[in-house]
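> So that we are looking at the same thing, I have put the structure below in structure tokens.
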Amino acid sequence: MLEKNSQRPAEIAVLSKVQSALKRPATVKAARGLSHFGEHSIGWFAAGLVGAGLDRKRRKDWLVAAGGVVAAHAASIAVKRVVRRPRPEDPSVEVLVGTPSKLSFPSSHATSTTAAAVLYSGLTGRNLVPALVPPMLASRLVLGVHYPTDVLAGAALGGAVGGLLRRKIRKKG
């Protein structure tokens, strides 16, 4: 059997370089804030509930979108349990936040954030993806809890779930 990270030396190198370049007290504090906000998709779900409360005309669409964020998160957990990739563990990578599991692929934070950005973009009429997704993906690397492919796969999964639901919401509305 291969050693835990012997298959991913390039990803460990990228992760280590990202941490070296970005790990500053203010960046780590912001990354931890994003981590807590995105944990179990709670912050994004709450944002959808706020949207439902403020936009009474499209309340049902906001609630469907908020549910879609949770569904995307659930899909990422299901994939994690099948893939079972362990989180990064290497002397060159410092883990800067606690995690609810030892499983890494895909990043659930990246999944739910991307789903929220896609779904809420459709409801706000503003492209939220560039403002929301890159900071969350980078935060997972800064905190040392995901490989680069974990966050990219999470974003792809969240984009797929969000895109499918967004089309459904648009067809109904």
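By order in the structure tokens, chains are A, B, ...; within a chain, residues start at 1; ligands start at 1, following the order shown.
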Tell me, as a count of residues only, which residues lie within 12 Å of A:Gly98, counting only C-alpha atoms; anything in the same chain fewer than 3 positions away does not count.

13

> Please report, as an MDAnalysis selection string, each residue of stretch 24-166 of chain A to which DSSP assigns alpha helix (DSSP H) when run on this structure's backbone.

chainID A and resid 25:38 42:54 59:83 108:124 129:142 148:166

> Could you check the closest approach to A:Leu164 for each of A:Pro100, A:Pro148, A:Gly68, A:Gly125 and tell me which residue wins, using only C-alpha atoms?

A:Gly68

> Return the single residue from A:Leu103, A:Val151, A:Val50, A:Ala78 that is closest to A:Ser139, with distances computed using only C-alpha atoms.

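Smallest separation from A:Ser139 among the options: A:Val151.
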
> Using only C-alpha atoms, find each residue of stretch 76-108 of chain A with at least one atom at most 12 Å away from an atom of stretch 7-11 of chain A; report its shortest atom-to-atom pair and that distance in Å (one decimal), sort the rows by chain and rising residue number, and return the result as a Markdown table.


```
| residue | atom | partner | partner_atom | distance |
| --- | --- | --- | --- | --- |
| A:Arg85 | CA | A:Arg8 | CA | 11.1 |
| A:Pro86 | CA | A:Arg8 | CA | 11.4 |
| A:Arg87 | CA | A:Arg8 | CA | 11.3 |
| A:Pro88 | CA | A:Glu11 | CA | 9.2 |
| A:Glu89 | CA | A:Arg8 | CA | 10.7 |
| A:Asp90 | CA | A:Pro9 | CA | 9.7 |
| A:Ser92 | CA | A:Pro9 | CA | 11.0 |
| A:Val93 | CA | A:Glu11 | CA | 10.9 |
```

> Restricting the output to C-alpha atoms, write the selected residues as a CSV table (one decimal), in the first residue's frame.


```csv
chain,number,residue,atom,x,y,z
A,85,ARG,CA,-9.6,10.4,0.4
A,86,PRO,CA,-7.9,11.5,3.6
A,87,ARG,CA,-7.1,15.2,4.3
A,88,PRO,CA,-3.6,16.5,3.6
A,89,GLU,CA,-1.1,15.4,6.1
A,90,ASP,CA,2.5,16.6,5.5
A,92,SER,CA,5.1,21.2,4.9
A,93,VAL,CA,1.3,21.9,5.4
```

> Provide the atom CA of A:Lys17 to atom CA of A:Ser104 distance in Å, to one decimal place.

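Separation between atom CA of A:Lys17 and atom CA of A:Ser104: 18.9 Å.
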
> At a cut-off of 7 Å, using only C-alpha atoms, what residues contact stretch 105-122 of chain A? Leave out same-chain residues fewer than 4 positions from it and give the result as an NGL selection string.

:A and (38-39 or 41 or 44 or 65 or 69 or 72-73 or 76-77 or 80 or 83 or 85 or 126-129 or 132-133 or 136-137 or 146 or 150-151 or 153-155 or 157-159 or 161-163 or 166)

> Please produce a file of those selected residues containing N, CA and C atoms, as an mmCIF file, in the first residue's frame.


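Listing of out.cif after writing:
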```cif
data_model
loop_
_atom_site.group_PDB
_atom_site.id
_atom_site.type_symbol
_atom_site.label_atom_id
_atom_site.label_comp_id
_atom_site.auth_asym_id
_atom_site.auth_seq_id
_atom_site.Cartn_x
_atom_site.Cartn_y
_atom_site.Cartn_z
ATOM 1 N N GLY A 38 -19.386 28.626 6.185
ATOM 2 C CA GLY A 38 -19.745 27.576 5.230
ATOM 3 C C GLY A 38 -19.928 26.195 5.826
ATOM 4 N N GLU A 39 -19.642 26.030 7.114
ATOM 5 C CA GLU A 39 -19.733 24.707 7.733
ATOM 6 C C GLU A 39 -21.130 24.131 7.589
ATOM 7 N N SER A 41 -22.950 24.037 5.200
ATOM 8 C CA SER A 41 -23.719 24.939 4.324
ATOM 9 C C SER A 41 -24.666 25.864 5.092
ATOM 10 N N TRP A 44 -24.850 29.642 3.950
ATOM 11 C CA TRP A 44 -25.488 29.811 2.638
ATOM 12 C C TRP A 44 -26.974 29.497 2.711
ATOM 13 N N ALA A 65 -33.965 27.313 -3.814
ATOM 14 C CA ALA A 65 -32.525 27.550 -3.966
ATOM 15 C C ALA A 65 -31.786 27.213 -2.675
ATOM 16 N N VAL A 69 -28.843 24.331 -2.064
ATOM 17 C CA VAL A 69 -27.520 24.477 -1.438
ATOM 18 C C VAL A 69 -27.283 23.321 -0.471
ATOM 19 N N ALA A 72 -26.713 20.151 -2.462
ATOM 20 C CA ALA A 72 -25.351 20.102 -3.001
ATOM 21 C C ALA A 72 -24.376 19.659 -1.914
ATOM 22 N N HIS A 73 -24.546 20.220 -0.720
ATOM 23 C CA HIS A 73 -23.698 19.823 0.414
ATOM 24 C C HIS A 73 -23.854 18.321 0.680
ATOM 25 N N SER A 76 -21.995 16.252 -1.778
ATOM 26 C CA SER A 76 -20.549 16.220 -1.534
ATOM 27 C C SER A 76 -20.201 15.246 -0.406
ATOM 28 N N ILE A 77 -21.041 15.182 0.606
ATOM 29 C CA ILE A 77 -20.807 14.242 1.706
ATOM 30 C C ILE A 77 -20.912 12.802 1.194
ATOM 31 N N LYS A 80 -17.779 12.039 -0.674
ATOM 32 C CA LYS A 80 -16.688 11.867 0.299
ATOM 33 C C LYS A 80 -16.679 10.466 0.881
ATOM 34 N N VAL A 83 -15.428 8.035 -1.917
ATOM 35 C CA VAL A 83 -14.021 8.206 -2.308
ATOM 36 C C VAL A 83 -13.085 7.954 -1.126
ATOM 37 N N ARG A 85 -10.947 9.860 0.466
ATOM 38 C CA ARG A 85 -9.594 10.439 0.412
ATOM 39 C C ARG A 85 -9.316 11.156 1.732
ATOM 40 N N ARG A 126 -27.398 39.200 -10.366
ATOM 41 C CA ARG A 126 -25.977 39.579 -10.326
ATOM 42 C C ARG A 126 -25.134 38.309 -10.334
ATOM 43 N N ASN A 127 -24.019 38.339 -11.050
ATOM 44 C CA ASN A 127 -23.124 37.191 -11.080
ATOM 45 C C ASN A 127 -22.300 37.175 -9.790
ATOM 46 N N LEU A 128 -22.701 36.337 -8.860
ATOM 47 C CA LEU A 128 -22.040 36.245 -7.561
ATOM 48 C C LEU A 128 -20.853 35.283 -7.553
ATOM 49 N N VAL A 129 -20.720 34.485 -8.601
ATOM 50 C CA VAL A 129 -19.682 33.451 -8.637
ATOM 51 C C VAL A 129 -18.276 34.030 -8.440
ATOM 52 N N LEU A 132 -17.785 35.132 -4.700
ATOM 53 C CA LEU A 132 -17.948 34.172 -3.615
ATOM 54 C C LEU A 132 -17.069 32.928 -3.722
ATOM 55 N N VAL A 133 -16.925 32.404 -4.922
ATOM 56 C CA VAL A 133 -16.261 31.102 -5.063
ATOM 57 C C VAL A 133 -14.748 31.161 -4.856
ATOM 58 N N MET A 136 -13.596 31.302 -1.132
ATOM 59 C CA MET A 136 -13.849 30.084 -0.360
ATOM 60 C C MET A 136 -12.863 28.994 -0.766
ATOM 61 N N LEU A 137 -12.618 28.826 -2.063
ATOM 62 C CA LEU A 137 -11.681 27.804 -2.501
ATOM 63 C C LEU A 137 -10.285 28.083 -1.954
ATOM 64 N N HIS A 146 -7.554 20.949 2.501
ATOM 65 C CA HIS A 146 -7.931 20.323 1.235
ATOM 66 C C HIS A 146 -6.798 20.396 0.231
ATOM 67 N N ASP A 150 -9.475 18.821 -4.540
ATOM 68 C CA ASP A 150 -10.682 18.736 -3.695
ATOM 69 C C ASP A 150 -11.571 19.954 -3.909
ATOM 70 N N VAL A 151 -10.953 21.138 -3.911
ATOM 71 C CA VAL A 151 -11.754 22.356 -4.054
ATOM 72 C C VAL A 151 -12.265 22.509 -5.483
ATOM 73 N N ALA A 153 -12.972 20.003 -7.573
ATOM 74 C CA ALA A 153 -14.066 19.031 -7.737
ATOM 75 C C ALA A 153 -15.314 19.501 -6.998
ATOM 76 N N GLY A 154 -15.135 20.071 -5.821
ATOM 77 C CA GLY A 154 -16.282 20.599 -5.071
ATOM 78 C C GLY A 154 -16.981 21.709 -5.832
ATOM 79 N N ALA A 155 -16.181 22.603 -6.421
ATOM 80 C CA ALA A 155 -16.770 23.696 -7.208
ATOM 81 C C ALA A 155 -17.521 23.146 -8.422
ATOM 82 N N LEU A 157 -18.933 20.145 -8.696
ATOM 83 C CA LEU A 157 -20.159 19.503 -8.211
ATOM 84 C C LEU A 157 -21.202 20.555 -7.829
ATOM 85 N N GLY A 158 -20.794 21.573 -7.097
ATOM 86 C CA GLY A 158 -21.722 22.641 -6.709
ATOM 87 C C GLY A 158 -22.268 23.385 -7.914
ATOM 88 N N GLY A 159 -21.410 23.610 -8.906
ATOM 89 C CA GLY A 159 -21.854 24.277 -10.136
ATOM 90 C C GLY A 159 -22.874 23.446 -10.891
ATOM 91 N N VAL A 161 -24.938 21.037 -9.590
ATOM 92 C CA VAL A 161 -26.201 21.010 -8.831
ATOM 93 C C VAL A 161 -26.899 22.371 -8.940
ATOM 94 N N GLY A 162 -26.152 23.436 -8.723
ATOM 95 C CA GLY A 162 -26.734 24.777 -8.805
ATOM 96 C C GLY A 162 -27.274 25.090 -10.183
ATOM 97 N N GLY A 163 -26.530 24.708 -11.217
ATOM 98 C CA GLY A 163 -26.971 24.964 -12.590
ATOM 99 C C GLY A 163 -28.250 24.224 -12.947
ATOM 100 N N ARG A 166 -31.090 25.869 -11.004
ATOM 101 C CA ARG A 166 -31.341 27.227 -11.515
ATOM 102 C C ARG A 166 -32.196 27.166 -12.788
#
```

> Between A:Leu63, A:Ala138, A:Val28, A:Ala131, which one has atoms that come closest to A:Leu15, using only C-alpha atoms?

A:Ala138
